[in-house]
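start-v5.txt, holding compact mmCIF, C-alpha atoms and all ligand atoms:
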```
# COMPACT_ATOMS: atom_id res chain seq x y z
CA MET A 1 -0.50 176.77 113.59
CA THR A 2 -0.31 180.37 112.54
CA HIS A 3 -1.24 183.05 114.97
CA GLN A 4 -3.45 185.68 113.39
CA THR A 5 -3.88 189.02 115.04
CA GLU A 6 -6.63 191.33 113.89
CA LEU A 7 -5.67 194.87 114.77
CA SER A 8 -7.98 197.81 115.10
CA ALA A 9 -6.96 201.01 113.31
CA GLN A 10 -6.05 202.50 116.66
CA GLN A 11 -3.86 199.54 117.55
CA THR A 12 -2.18 199.75 114.18
CA ASP A 13 -1.33 203.41 114.86
CA MET A 14 0.24 202.40 118.15
CA LEU A 15 2.62 200.12 116.30
CA ALA A 16 4.00 202.70 113.87
CA GLY A 17 7.73 203.32 114.22
CA GLY A 18 7.47 206.07 111.67
CA ARG A 19 4.78 207.85 109.71
CA LEU A 20 5.14 208.98 106.11
CA THR A 21 2.57 211.55 105.03
CA ILE A 22 2.20 212.55 101.39
CA ASP A 23 0.20 215.58 100.26
CA LEU A 24 -1.20 214.86 96.79
CA ASP A 25 -2.82 218.30 96.63
CA ALA A 26 0.59 219.88 97.15
CA ILE A 27 1.90 217.81 94.22
CA ALA A 28 -0.99 219.13 92.13
CA SER A 29 -0.29 222.73 93.12
CA ASN A 30 3.40 222.26 92.38
CA TRP A 31 2.50 220.94 88.93
CA LEU A 32 0.31 224.01 88.30
CA PHE A 33 3.11 226.29 89.44
CA LEU A 34 5.54 224.64 87.02
CA LYS A 35 3.00 224.75 84.21
CA ASN A 36 2.47 228.47 84.83
CA THR A 37 6.22 229.05 84.85
CA LEU A 38 6.53 227.52 81.38
CA LYS A 39 6.04 229.72 78.36
CA SER A 40 2.58 229.54 76.86
CA GLY A 41 2.14 226.58 74.57
CA THR A 42 4.65 224.38 76.39
CA GLU A 43 3.05 221.23 77.74
CA CYS A 44 3.89 220.29 81.32
CA ALA A 45 4.37 216.54 81.66
CA ALA A 46 5.14 214.83 84.97
CA THR A 47 8.09 212.55 85.67
CA ILE A 48 6.88 209.86 88.07
CA LYS A 49 9.68 207.29 87.83
CA ALA A 50 10.87 205.39 90.92
CA ASP A 51 7.31 205.20 92.22
CA GLY A 52 6.83 208.94 91.91
CA TYR A 53 10.12 209.62 93.73
CA GLY A 54 8.80 207.46 96.55
CA THR A 55 5.39 209.13 96.84
CA GLY A 56 3.30 206.58 94.90
CA ALA A 57 3.38 206.82 91.10
CA VAL A 58 -0.16 205.69 90.38
CA LEU A 59 -1.80 207.96 92.96
CA VAL A 60 0.30 210.88 91.74
CA ALA A 61 -0.61 210.16 88.12
CA GLN A 62 -4.30 209.96 88.94
CA ARG A 63 -4.20 213.21 90.92
CA LEU A 64 -2.30 215.06 88.18
CA TRP A 65 -4.58 213.68 85.49
CA GLN A 66 -7.49 215.34 87.34
CA GLU A 67 -5.50 218.55 87.23
CA GLY A 68 -5.08 218.30 83.46
CA CYS A 69 -1.71 216.60 83.11
CA LYS A 70 -1.79 214.30 80.07
CA THR A 71 1.79 213.06 79.72
CA PHE A 72 3.85 211.01 82.15
CA CYS A 73 7.47 209.87 82.11
CA VAL A 74 8.67 206.76 83.90
CA ALA A 75 12.01 204.99 83.80
CA LEU A 76 11.04 201.35 83.35
CA PRO A 77 8.43 199.63 81.20
CA GLU A 78 6.90 197.95 84.27
CA GLU A 79 6.37 201.38 85.81
CA GLY A 80 4.61 202.33 82.58
CA LEU A 81 2.32 199.30 82.79
CA ALA A 82 1.22 200.27 86.30
CA VAL A 83 0.35 203.80 85.18
CA ARG A 84 -1.38 202.51 82.07
CA ALA A 85 -3.65 200.28 84.16
CA ALA A 86 -4.84 203.37 86.02
CA LEU A 87 -4.95 205.86 83.13
CA PRO A 88 -6.04 204.33 79.82
CA ASP A 89 -5.76 207.59 77.88
CA ALA A 90 -2.52 209.08 79.21
CA THR A 91 0.60 209.45 77.07
CA ILE A 92 3.36 207.48 78.76
CA TYR A 93 7.06 207.69 77.88
CA ILE A 94 9.58 205.11 79.00
CA LEU A 95 12.79 207.08 79.63
CA GLY A 96 14.83 203.89 79.83
CA GLY A 97 14.07 203.34 76.15
CA LEU A 98 13.12 200.08 74.50
CA PHE A 99 14.11 196.94 76.39
CA THR A 100 15.23 194.37 73.90
CA GLY A 101 12.49 192.02 72.75
CA ALA A 102 9.77 194.01 74.53
CA ALA A 103 8.36 196.07 71.63
CA GLU A 104 5.16 194.05 71.50
CA VAL A 105 4.50 194.67 75.20
CA TYR A 106 5.05 198.39 74.66
CA GLU A 107 2.62 198.38 71.77
CA GLN A 108 -0.04 196.40 73.64
CA ALA A 109 0.05 198.84 76.55
CA ASN A 110 0.49 201.87 74.29
CA LEU A 111 3.78 202.83 75.94
CA ARG A 112 6.11 205.08 74.00
CA PRO A 113 9.80 204.30 74.35
CA ALA A 114 12.14 207.27 74.48
CA LEU A 115 14.70 205.54 72.25
CA ILE A 116 18.12 206.01 73.80
CA SER A 117 20.49 204.51 71.24
CA LEU A 118 20.69 203.68 67.56
CA GLU A 119 20.18 200.04 68.55
CA ASP A 120 16.96 200.90 70.39
CA LEU A 121 15.79 202.89 67.40
CA THR A 122 16.68 200.15 64.94
CA GLU A 123 14.76 197.57 66.96
CA TRP A 124 11.66 199.77 67.23
CA ALA A 125 11.81 200.55 63.50
CA GLY A 126 12.15 196.83 62.71
CA TYR A 127 9.19 195.96 64.90
CA CYS A 128 7.05 198.67 63.26
CA SER A 129 8.00 197.44 59.79
CA ASN A 130 7.13 193.85 60.74
CA VAL A 131 3.71 194.68 62.11
CA GLY A 132 3.05 197.28 59.44
CA ARG A 133 2.25 200.08 61.89
CA LYS A 134 4.10 203.37 62.36
CA LEU A 135 4.01 203.47 66.14
CA PRO A 136 4.99 206.59 68.07
CA ALA A 137 8.28 206.87 69.96
CA ALA A 138 10.44 209.66 71.32
CA ILE A 139 14.07 209.91 70.28
CA HIS A 140 16.54 210.91 72.98
CA ILE A 141 19.55 212.78 71.61
CA ASP A 142 22.70 213.21 73.66
CA SER A 143 23.55 216.90 73.81
CA GLY A 144 26.64 216.48 75.98
CA MET A 145 25.82 214.47 79.10
CA SER A 146 27.07 211.17 77.68
CA ARG A 147 24.41 209.18 79.44
CA THR A 148 21.40 208.13 77.35
CA GLY A 149 20.73 209.35 73.84
CA LEU A 150 21.81 208.96 70.24
CA SER A 151 24.80 210.97 69.15
CA PRO A 152 23.77 213.83 66.85
CA GLU A 153 25.44 211.89 64.01
CA ASP A 154 23.45 208.71 64.65
CA PHE A 155 20.31 210.80 64.98
CA ALA A 156 20.92 212.46 61.59
CA THR A 157 21.58 209.05 60.03
CA ALA A 158 18.36 207.62 61.48
CA MET A 159 16.25 210.58 60.37
CA ALA A 160 17.49 210.27 56.80
CA ASP A 161 16.71 206.56 56.56
CA SER A 162 13.23 205.37 55.59
CA THR A 163 13.90 201.99 57.25
CA LEU A 164 14.88 203.69 60.53
CA ALA A 165 13.07 206.88 61.68
CA GLY A 166 10.98 206.57 58.53
CA ALA A 167 9.50 203.29 59.76
CA PHE A 168 7.87 204.72 62.89
CA GLU A 169 6.42 208.01 64.11
CA PRO A 170 9.05 210.13 65.91
CA CYS A 171 6.62 212.05 68.12
CA LEU A 172 9.10 213.78 70.44
CA LEU A 173 12.77 214.77 70.17
CA MET A 174 14.31 215.08 73.59
CA THR A 175 17.53 215.63 75.45
CA HIS A 176 18.49 215.96 79.11
CA LEU A 177 20.43 218.64 81.00
CA ALA A 178 23.46 217.62 83.03
CA CYS A 179 23.92 220.85 84.99
CA GLY A 180 20.51 222.50 85.12
CA SER A 181 20.70 222.89 88.90
CA GLU A 182 23.53 225.40 88.36
CA PRO A 183 22.00 228.13 86.20
CA ASP A 184 25.36 229.74 85.35
CA HIS A 185 27.07 226.52 84.34
CA PRO A 186 28.38 226.86 80.75
CA MET A 187 27.19 223.34 80.00
CA ASN A 188 23.56 224.55 79.88
CA LYS A 189 24.11 226.87 76.92
CA ALA A 190 26.37 224.33 75.24
CA GLN A 191 23.68 221.64 75.49
CA LEU A 192 21.04 224.08 74.24
CA ALA A 193 23.18 224.88 71.20
CA ALA A 194 23.88 221.19 70.53
CA PHE A 195 20.18 220.33 70.76
CA HIS A 196 19.27 223.13 68.35
CA ALA A 197 21.99 222.08 65.95
CA ALA A 198 20.74 218.50 65.96
CA THR A 199 17.01 219.17 65.79
CA ASP A 200 16.24 222.54 64.19
CA ALA A 201 15.77 220.84 60.84
CA TYR A 202 12.91 218.83 62.40
CA ALA A 203 11.14 221.60 64.31
CA HIS A 204 7.79 220.23 63.10
CA ILE A 205 8.31 217.42 65.64
CA PRO A 206 7.68 218.45 69.29
CA ARG A 207 10.86 218.88 71.32
CA SER A 208 11.67 218.53 75.02
CA MET A 209 14.73 219.53 77.02
CA SER A 210 13.77 220.57 80.55
CA ASN A 211 13.60 218.63 83.76
CA SER A 212 12.60 220.65 86.84
CA ALA A 213 15.75 222.73 86.79
CA GLY A 214 15.30 223.48 83.10
CA VAL A 215 11.87 224.95 83.79
CA PHE A 216 13.64 227.63 85.85
CA LEU A 217 16.37 228.28 83.27
CA GLY A 218 13.98 230.32 81.15
CA GLU A 219 11.92 230.08 78.01
CA ASP A 220 14.83 229.19 75.71
CA TYR A 221 14.91 225.83 77.47
CA HIS A 222 11.17 225.11 77.42
CA PHE A 223 10.52 223.94 73.82
CA ASP A 224 7.20 222.06 73.44
CA LEU A 225 7.15 219.82 76.50
CA ALA A 226 8.83 219.88 79.93
CA ARG A 227 9.41 216.82 82.10
CA PRO A 228 9.76 217.98 85.72
CA GLY A 229 10.17 215.43 88.49
CA ILE A 230 11.78 216.55 91.74
CA SER A 231 9.97 219.91 91.91
CA LEU A 232 6.60 218.17 91.87
CA TYR A 233 7.59 216.44 95.10
CA GLY A 234 8.72 219.66 96.78
CA GLY A 235 12.41 219.04 96.09
CA LYS A 236 15.01 221.66 95.33
CA ALA A 237 15.83 221.82 91.63
CA VAL A 238 18.03 224.91 91.55
CA ASP A 239 21.01 225.24 93.89
CA THR A 240 21.30 229.02 93.86
CA VAL A 241 17.82 230.28 94.83
CA PRO A 242 15.32 229.52 97.61
CA ASN A 243 13.04 226.61 96.76
CA PRO A 244 9.61 227.90 95.66
CA MET A 245 7.84 224.53 95.80
CA ALA A 246 5.29 223.47 98.41
CA PRO A 247 6.42 220.65 100.73
CA VAL A 248 4.89 217.29 99.83
CA VAL A 249 6.43 214.68 102.11
CA LYS A 250 6.61 214.51 105.86
CA VAL A 251 8.35 211.76 107.82
CA GLU A 252 7.91 211.50 111.57
CA ALA A 253 9.61 209.02 113.86
CA ARG A 254 8.36 207.79 117.20
CA ILE A 255 10.23 208.62 120.37
CA MET A 256 10.70 205.20 121.96
CA MET A 257 12.46 206.53 125.05
CA VAL A 258 14.04 209.65 126.48
CA ARG A 259 17.17 209.29 128.56
CA ASP A 260 19.59 211.41 130.50
CA VAL A 261 23.13 211.32 129.21
CA ALA A 262 25.79 212.66 131.54
CA LYS A 263 28.50 214.98 130.29
CA GLY A 264 31.39 212.96 128.93
CA SER A 265 29.32 209.87 128.05
CA ALA A 266 29.57 208.27 124.63
CA ILE A 267 26.45 208.13 122.45
CA GLY A 268 25.83 205.40 119.88
CA TYR A 269 28.01 203.10 117.78
CA ALA A 270 31.75 203.64 117.72
CA ALA A 271 31.33 206.15 120.54
CA ALA A 272 31.54 208.67 117.72
CA ALA A 273 29.79 211.39 119.72
CA THR A 274 30.37 212.41 123.32
CA ALA A 275 28.00 214.50 125.43
CA LYS A 276 29.67 217.90 125.87
CA GLN A 277 27.25 218.70 128.71
CA ASP A 278 24.47 216.83 130.50
CA LEU A 279 21.89 216.00 127.83
CA LYS A 280 18.40 214.69 127.34
CA VAL A 281 18.43 212.32 124.40
CA ALA A 282 15.39 210.92 122.60
CA VAL A 283 15.86 207.58 120.86
CA VAL A 284 13.56 207.49 117.82
CA ALA A 285 12.39 204.57 115.67
CA ALA A 286 13.93 205.36 112.28
CA GLY A 287 17.35 204.54 110.96
CA TYR A 288 19.26 203.84 107.82
CA ALA A 289 16.91 200.95 106.96
CA ASP A 290 14.27 203.67 106.66
CA GLY A 291 16.41 205.80 104.36
CA MET A 292 18.00 207.97 107.03
CA HIS A 293 21.45 208.02 105.50
CA ARG A 294 24.07 206.90 107.93
CA ARG A 295 26.40 209.67 106.89
CA ALA A 296 23.99 212.29 108.25
CA GLY A 297 24.85 211.33 111.83
CA SER A 298 27.09 213.48 114.00
CA THR A 299 30.53 212.95 115.46
CA ASP A 300 32.45 215.07 117.93
CA GLU A 301 34.10 216.73 114.94
CA ARG A 302 31.08 217.19 112.71
CA GLU A 303 27.47 218.19 113.25
CA GLY A 304 24.75 215.95 111.86
CA ALA A 305 21.30 216.45 110.40
CA PHE A 306 18.39 217.61 112.50
CA GLY A 307 14.74 217.02 113.22
CA TRP A 308 11.91 219.23 114.41
CA VAL A 309 9.51 218.93 117.28
CA SER A 310 6.85 221.55 118.02
CA GLY A 311 8.84 224.60 117.06
CA HIS A 312 12.19 223.23 118.21
CA LYS A 313 15.04 222.31 115.91
CA VAL A 314 16.64 219.22 117.41
CA PRO A 315 20.04 217.88 116.29
CA LEU A 316 20.82 214.24 115.62
CA ILE A 317 23.59 213.04 117.85
CA GLY A 318 25.98 210.17 117.18
CA ARG A 319 25.79 207.51 114.50
CA ILE A 320 22.52 206.56 112.87
CA SER A 321 21.75 202.87 113.49
CA MET A 322 19.71 200.58 111.26
CA ASP A 323 16.42 201.09 113.11
CA MET A 324 16.98 204.02 115.40
CA MET A 325 18.81 207.22 115.98
CA ALA A 326 19.45 209.57 118.86
CA ILE A 327 18.23 213.13 118.94
CA ASP A 328 19.30 215.81 121.39
CA VAL A 329 16.12 217.16 123.01
CA THR A 330 17.83 218.92 125.93
CA ASN A 331 16.20 222.24 125.02
CA VAL A 332 12.70 220.88 124.50
CA PRO A 333 10.10 220.79 127.31
CA GLU A 334 9.59 217.30 128.70
CA SER A 335 5.89 217.57 127.96
CA ILE A 336 6.72 217.70 124.23
CA ALA A 337 9.73 215.46 123.75
CA LYS A 338 8.34 212.44 125.53
CA ARG A 339 7.90 208.73 124.98
CA GLY A 340 5.25 208.12 122.33
CA ALA A 341 5.58 211.57 120.71
CA PHE A 342 6.74 211.90 117.10
CA VAL A 343 9.67 213.91 115.76
CA GLU A 344 9.57 215.33 112.23
CA ILE A 345 12.69 214.07 110.50
CA LEU A 346 11.73 215.29 106.99
CA GLY A 347 8.93 217.66 106.12
CA PRO A 348 7.78 221.26 106.03
CA ASN A 349 10.32 222.21 108.73
CA VAL A 350 13.09 219.83 107.72
CA ALA A 351 13.81 220.13 103.99
CA ALA A 352 15.13 216.93 102.47
CA SER A 353 17.70 219.01 100.55
CA ASP A 354 19.06 220.43 103.82
CA VAL A 355 19.26 217.07 105.57
CA ALA A 356 20.70 215.44 102.46
CA ALA A 357 23.62 217.86 102.49
CA TYR A 358 24.84 216.34 105.77
CA ALA A 359 24.95 212.95 104.08
CA GLU A 360 26.67 214.45 101.01
CA THR A 361 23.72 213.49 98.87
CA ILE A 362 20.63 215.12 97.37
CA ASP A 363 16.94 215.15 98.20
CA TYR A 364 16.26 212.88 95.21
CA GLU A 365 18.10 210.08 97.00
CA TYR A 366 16.33 210.74 100.31
CA LEU A 367 12.87 210.67 98.74
CA THR A 368 13.41 207.60 96.59
CA GLY A 369 15.07 205.71 99.45
CA LEU A 370 12.52 206.21 102.21
CA GLY A 371 12.06 202.53 102.88
CA LYS A 372 8.99 200.41 103.39
CA ARG A 373 8.40 200.42 107.13
CA TYR A 374 6.63 203.73 107.51
CA HIS A 375 2.91 203.81 107.97
CA ARG A 376 1.79 205.74 104.94
CA PHE A 377 -0.87 208.45 104.88
CA TYR A 378 -2.18 210.58 102.05
CA GLU A 379 -3.45 213.84 103.48
CA PRO A 380 -2.79 217.59 103.40
CA LEU A 381 0.36 218.71 105.22
CA PRO A 382 0.25 221.55 107.71
CA ALA A 383 2.12 224.77 106.95
CA PRO A 384 5.64 225.06 108.36
CA ASP A 385 5.79 225.48 112.13
CA GLN A 386 5.86 229.13 113.25
CA SER A 387 5.97 228.52 116.98
C1 LIG A 401 14.61 211.99 85.95
C2 LIG A 401 14.47 212.67 84.65
C3 LIG A 401 13.69 213.82 84.54
C4 LIG A 401 13.15 214.57 85.75
O1 LIG A 401 14.24 215.22 86.38
P1 LIG A 401 14.08 216.13 87.67
O2 LIG A 401 15.45 216.67 87.88
O3 LIG A 401 13.65 215.25 88.77
O4 LIG A 401 13.07 217.17 87.36
C5 LIG A 401 13.45 214.32 83.26
N1 LIG A 401 14.01 213.73 82.17
C6 LIG A 401 14.80 212.65 82.26
C7 LIG A 401 15.39 212.07 81.04
C8 LIG A 401 15.08 212.09 83.49
O5 LIG A 401 15.88 211.02 83.59
```

Represent the supplied structure as structure tokens.
Amino acid sequence: MTHQTELSAQQTDMLAGGRLTIDLDAIASNWLFLKNTLKSGTECAATIKADGYGTGAVLVAQRLWQEGCKTFCVALPEEGLAVRAALPDATIYILGGLFTGAAEVYEQANLRPALISLEDLTEWAGYCSNVGRKLPAAIHIDSGMSRTGLSPEDFATAMADSTLAGAFEPCLLMTHLACGSEPDHPMNKAQLAAFHAATDAYAHIPRSMSNSAGVFLGEDYHFDLARPGISLYGGKAVDTVPNPMAPVVKVEARIMMVRDVAKGSAIGYAAAATAKQDLKVAVVAAGYADGMHRRAGSTDEREGAFGWVSGHKVPLIGRISMDMMAIDVTNVPESIAKRGAFVEILGPNVAASDVAAYAETIDYEYLTGLGKRYHRFYEPLPAPDQS
């Protein structure tokens, strides 16, 4: 016999280990900010792959559609199908290209592959010839990153061939920046020159180069359409300047217990951290299974990431476990850091890019790896804590 428990909303709240709050209005205002940063005439698309960088691709697409965003980029065709079901009239690009054998599915759902290789392009062209329809597709050209994209030579070959690019409608020529987050990196100008060299002869076809970082590199990089992702979600696209984007995601973890730890005691797995004085330590209900990268823990040699509780910055201490981690709350009043309270571990006061640095990763990986156990809320986020 199964045991069914009906929980009230209040009971459900009591059971949350962590809470993930997503501010869709902040995503919309970030999109408007990016759009206004682009030169006039450049369309601002939205990259919502990996479930909108963890925030919920369909909800993000619907919110941005209301704001006037018409074009969406996803990685996988299945992600495209989910967005299509919600937005019948949106333009949807599949950045992963054409998956072999799947052209008919793309056509049925009106998904546009961003063709990433001559093989992709040849298959799309063959499908279009067979069905007798010149269907739209983007062509991704490699301008120096050596990831996806046709070589400029293959691209030139395809464009000159009526059975290749001539058999479908190339509706967007695109490339991707490898080093956009470093504005002074010579690779940016080199990729810009390579993209011009490959595509200037086809300037009647819309062109696209910029991810979030590219938006901030200036008008030369904007072309006809930009494809920002991380900046929509409040992430840091450019390494060298303060992040202008509004925070979008907040993660809070429940304090399950607060304990005294005497000077000299070991804290957590491997006894990696030792109390250097008498401490108050809060044990919170989030760990690496929730996307809190294990490498962001502290050791006696190295400080770890931090959280935030009512105006207090509170350091992680010791190794991060699967389901929990320890936070030093010695300097926080007991009335605040107490059993049942929640600690912000990402959010307006704890930038994912800052925390990610302790784990030698980037905010993209934090956001997309946030795990499934959080109770999820869609609501406006408060401004950063001033107290
Ligand atoms: C992920 C991706 C983007 C968005 O990049 P951000 O750095 O998140 O703005 C744009 N274009 C392509 C091809 C991508 O893979």

message = Just to confirm, what's the straight-line distance from CA of Pro88 in chain A to CA of Cys44 in chain A in Å (one decimal)?
response =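 Separation of CA of Pro88 in chain A and CA of Cys44 in chain A: 18.9 Å.
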
request  = List every protein, DNA or RNA residue that has at least one atom no more than 9 Å from (13.6, 226.4, 77.1) in the file's coordinates, counting all atoms listed in the file, and write the result as a list in words.
outcome  =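 Checked against the point, the hits come out as Leu38, Lys39, Leu192, Ser208, Met209, Ser210, Gly214, Val215, Phe216, Leu217, Gly218, Glu219, Asp220, Tyr221, His222, Phe223, Asp224 and Ala226 of chain A.
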
task = Could you check how far CA of Phe377 in chain A sits from CA of Leu7 in chain A, in Å to one decimal?
result = 17.5 Å

request  = Could you report the residues within 8 Å of ligand LIG 401 (chain A), using all atoms listed in the file, as a PyMOL selection string?
outcome  = chain A and resi 47+49+73+75+95+175-176+209-214+226-232+237+364

query = At what distance in Å, to one decimal, does CA of Pro170 in chain A lie from CA of Phe99 in chain A?
reply = 17.6 Å

Per residue of range 296-357 of chain A within 10 Å of range 241-265 of chain A, which atom pair is closest and at what distance in Å (one decimal), using all atoms listed in the file, listed by chain and increasing number, as JSON lines?
```
{"residue": "A:Gly307", "atom": "CA", "partner": "A:Glu252", "partner_atom": "CA", "distance": 8.9}
{"residue": "A:Trp308", "atom": "CA", "partner": "A:Glu252", "partner_atom": "CA", "distance": 9.2}
{"residue": "A:Val309", "atom": "CA", "partner": "A:Glu252", "partner_atom": "CA", "distance": 9.5}
{"residue": "A:Met324", "atom": "CA", "partner": "A:Ala253", "partner_atom": "CA", "distance": 9.0}
{"residue": "A:Met325", "atom": "CA", "partner": "A:Ala253", "partner_atom": "CA", "distance": 9.6}
{"residue": "A:Ala326", "atom": "CA", "partner": "A:Val258", "partner_atom": "CA", "distance": 9.3}
{"residue": "A:Ile327", "atom": "CA", "partner": "A:Ile255", "partner_atom": "CA", "distance": 9.3}
{"residue": "A:Asp328", "atom": "CA", "partner": "A:Val258", "partner_atom": "CA", "distance": 9.6}
{"residue": "A:Val329", "atom": "CA", "partner": "A:Val258", "partner_atom": "CA", "distance": 8.5}
{"residue": "A:Thr330", "atom": "CA", "partner": "A:Asp260", "partner_atom": "CA", "distance": 9.0}
{"residue": "A:Glu334", "atom": "CA", "partner": "A:Val258", "partner_atom": "CA", "distance": 9.1}
{"residue": "A:Ala337", "atom": "CA", "partner": "A:Ile255", "partner_atom": "CA", "distance": 7.6}
{"residue": "A:Lys338", "atom": "CA", "partner": "A:Val258", "partner_atom": "CA", "distance": 6.4}
{"residue": "A:Arg339", "atom": "CA", "partner": "A:Met257", "partner_atom": "CA", "distance": 5.1}
{"residue": "A:Gly340", "atom": "CA", "partner": "A:Ile255", "partner_atom": "CA", "distance": 5.4}
{"residue": "A:Ala341", "atom": "CA", "partner": "A:Ile255", "partner_atom": "CA", "distance": 5.5}
{"residue": "A:Phe342", "atom": "CA", "partner": "A:Arg254", "partner_atom": "CA", "distance": 4.4}
{"residue": "A:Val343", "atom": "CA", "partner": "A:Glu252", "partner_atom": "CA", "distance": 5.1}
{"residue": "A:Glu344", "atom": "CA", "partner": "A:Glu252", "partner_atom": "CA", "distance": 4.2}
{"residue": "A:Ile345", "atom": "CA", "partner": "A:Glu252", "partner_atom": "CA", "distance": 5.5}
{"residue": "A:Leu346", "atom": "CA", "partner": "A:Val251", "partner_atom": "CA", "distance": 5.0}
{"residue": "A:Gly347", "atom": "CA", "partner": "A:Lys250", "partner_atom": "CA", "distance": 3.9}
{"residue": "A:Pro348", "atom": "CA", "partner": "A:Pro247", "partner_atom": "CA", "distance": 5.5}
{"residue": "A:Asn349", "atom": "CA", "partner": "A:Lys250", "partner_atom": "CA", "distance": 9.0}
{"residue": "A:Val350", "atom": "CA", "partner": "A:Lys250", "partner_atom": "CA", "distance": 8.6}
{"residue": "A:Ala351", "atom": "CA", "partner": "A:Pro247", "partner_atom": "CA", "distance": 8.1}
{"residue": "A:Ala352", "atom": "CA", "partner": "A:Val249", "partner_atom": "CA", "distance": 9.0}
{"residue": "A:Ser353", "atom": "CA", "partner": "A:Asn243", "partner_atom": "CA", "distance": 9.7}
```

ask   = Using all atoms listed in the file, which of the listed residues (A:Lys134, A:Lys280, A:His3, A:Lys189) sits closest to Arg112 in chain A?
value =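 Of A:Lys134, A:Lys280, A:His3, A:Lys189, the one nearest Arg112 in chain A, counting all atoms listed in the file, is A:Lys134.
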
ask   = Between A:Thr37, A:Thr274, A:Asn110, A:Thr91, which one has atoms that come closest to Thr71 in chain A, using all atoms listed in the file?
value =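 That would be A:Thr91, the residue with the smallest distance to Thr71 in chain A.
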
ask   = Could you pull the residues within 9 Å of range 291-300 of chain A, counting all atoms listed in the file, minus those fewer than 6 positions along the same chain, as a VMD selection string?
value = chain A and resid 271 to 276 306 315 to 322 325 345 355 to 361 365 to 371

C-alpha atoms of the current selection, written as a PDB file, keeping the file's coordinate frame:
```pdb
ATOM      1  CA  ALA A 271      31.330 206.150 120.540  1.00  0.00           C
ATOM      2  CA  ALA A 272      31.540 208.670 117.720  1.00  0.00           C
ATOM      3  CA  ALA A 273      29.790 211.390 119.720  1.00  0.00           C
ATOM      4  CA  THR A 274      30.370 212.410 123.320  1.00  0.00           C
ATOM      5  CA  ALA A 275      28.000 214.500 125.430  1.00  0.00           C
ATOM      6  CA  LYS A 276      29.670 217.900 125.870  1.00  0.00           C
ATOM      7  CA  PHE A 306      18.390 217.610 112.500  1.00  0.00           C
ATOM      8  CA  PRO A 315      20.040 217.880 116.290  1.00  0.00           C
ATOM      9  CA  LEU A 316      20.820 214.240 115.620  1.00  0.00           C
ATOM     10  CA  ILE A 317      23.590 213.040 117.850  1.00  0.00           C
ATOM     11  CA  GLY A 318      25.980 210.170 117.180  1.00  0.00           C
ATOM     12  CA  ARG A 319      25.790 207.510 114.500  1.00  0.00           C
ATOM     13  CA  ILE A 320      22.520 206.560 112.870  1.00  0.00           C
ATOM     14  CA  SER A 321      21.750 202.870 113.490  1.00  0.00           C
ATOM     15  CA  MET A 322      19.710 200.580 111.260  1.00  0.00           C
ATOM     16  CA  MET A 325      18.810 207.220 115.980  1.00  0.00           C
ATOM     17  CA  ILE A 345      12.690 214.070 110.500  1.00  0.00           C
ATOM     18  CA  VAL A 355      19.260 217.070 105.570  1.00  0.00           C
ATOM     19  CA  ALA A 356      20.700 215.440 102.460  1.00  0.00           C
ATOM     20  CA  ALA A 357      23.620 217.860 102.490  1.00  0.00           C
ATOM     21  CA  TYR A 358      24.840 216.340 105.770  1.00  0.00           C
ATOM     22  CA  ALA A 359      24.950 212.950 104.080  1.00  0.00           C
ATOM     23  CA  GLU A 360      26.670 214.450 101.010  1.00  0.00           C
ATOM     24  CA  THR A 361      23.720 213.490  98.870  1.00  0.00           C
ATOM     25  CA  GLU A 365      18.100 210.080  97.000  1.00  0.00           C
ATOM     26  CA  TYR A 366      16.330 210.740 100.310  1.00  0.00           C
ATOM     27  CA  LEU A 367      12.870 210.670  98.740  1.00  0.00           C
ATOM     28  CA  THR A 368      13.410 207.600  96.590  1.00  0.00           C
ATOM     29  CA  GLY A 369      15.070 205.710  99.450  1.00  0.00           C
ATOM     30  CA  LEU A 370      12.520 206.210 102.210  1.00  0.00           C
ATOM     31  CA  GLY A 371      12.060 202.530 102.880  1.00  0.00           C
TER      32      GLY A 371
END
```

ask   = Could you pull the residues within 12 Å of Val105 in chain A, counting only C-alpha atoms, minus those fewer than 3 positions along the same chain, as a PyMOL selection string?
value = chain A and resi 77-78+80-81+84+98-102+108-113+124+127

Step by step, gather every atom of range 74-81 of chain A that the file lists, find the box along x, y and z that holds them, add 5 Å on each side, and finally give centre and edge lengths in Å to one decimal, as AutoDock Vina command-line options.
```
--center_x 7.2 --center_y 202.4 --center_z 83.5 --size_x 19.7 --size_y 18.8 --size_z 14.6
```

request  = Give the answer as one residue: which of A:Leu150, A:Ala114, A:Val74, A:Leu225 has the shortest atom-to-atom distance to Gly41 in chain A, using all atoms listed in the file?
outcome  =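 Closest residue, counting all atoms listed in the file: A:Leu225.
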
task = Determine the nearest neighbour of Ile48 in chain A from the options A:Lys35, A:Asp290, A:Val83, A:Leu15, counting all atoms listed in the file.
result = A:Val83

request  = Tell me which protein, DNA and RNA residues are within 9 Å of Ser29 in chain A, counting all atoms listed in the file, leaving out same-chain ones fewer than 3 positions away, and put them as a PyMOL selection string.
outcome  = chain A and resi 24-26+32-34+67+232+245-246

message = Which residue is closest to Leu64 in chain A? Choose from A:Ile94, A:Ala28, A:Ala9, A:Ala305 and count only C-alpha atoms.
response = A:Ala28

query = Between A:Ser40, A:Thr240, A:Thr55, A:Thr122, which has the minimum distance to Pro183 in chain A (counting only C-alpha atoms)?
reply = A:Thr240
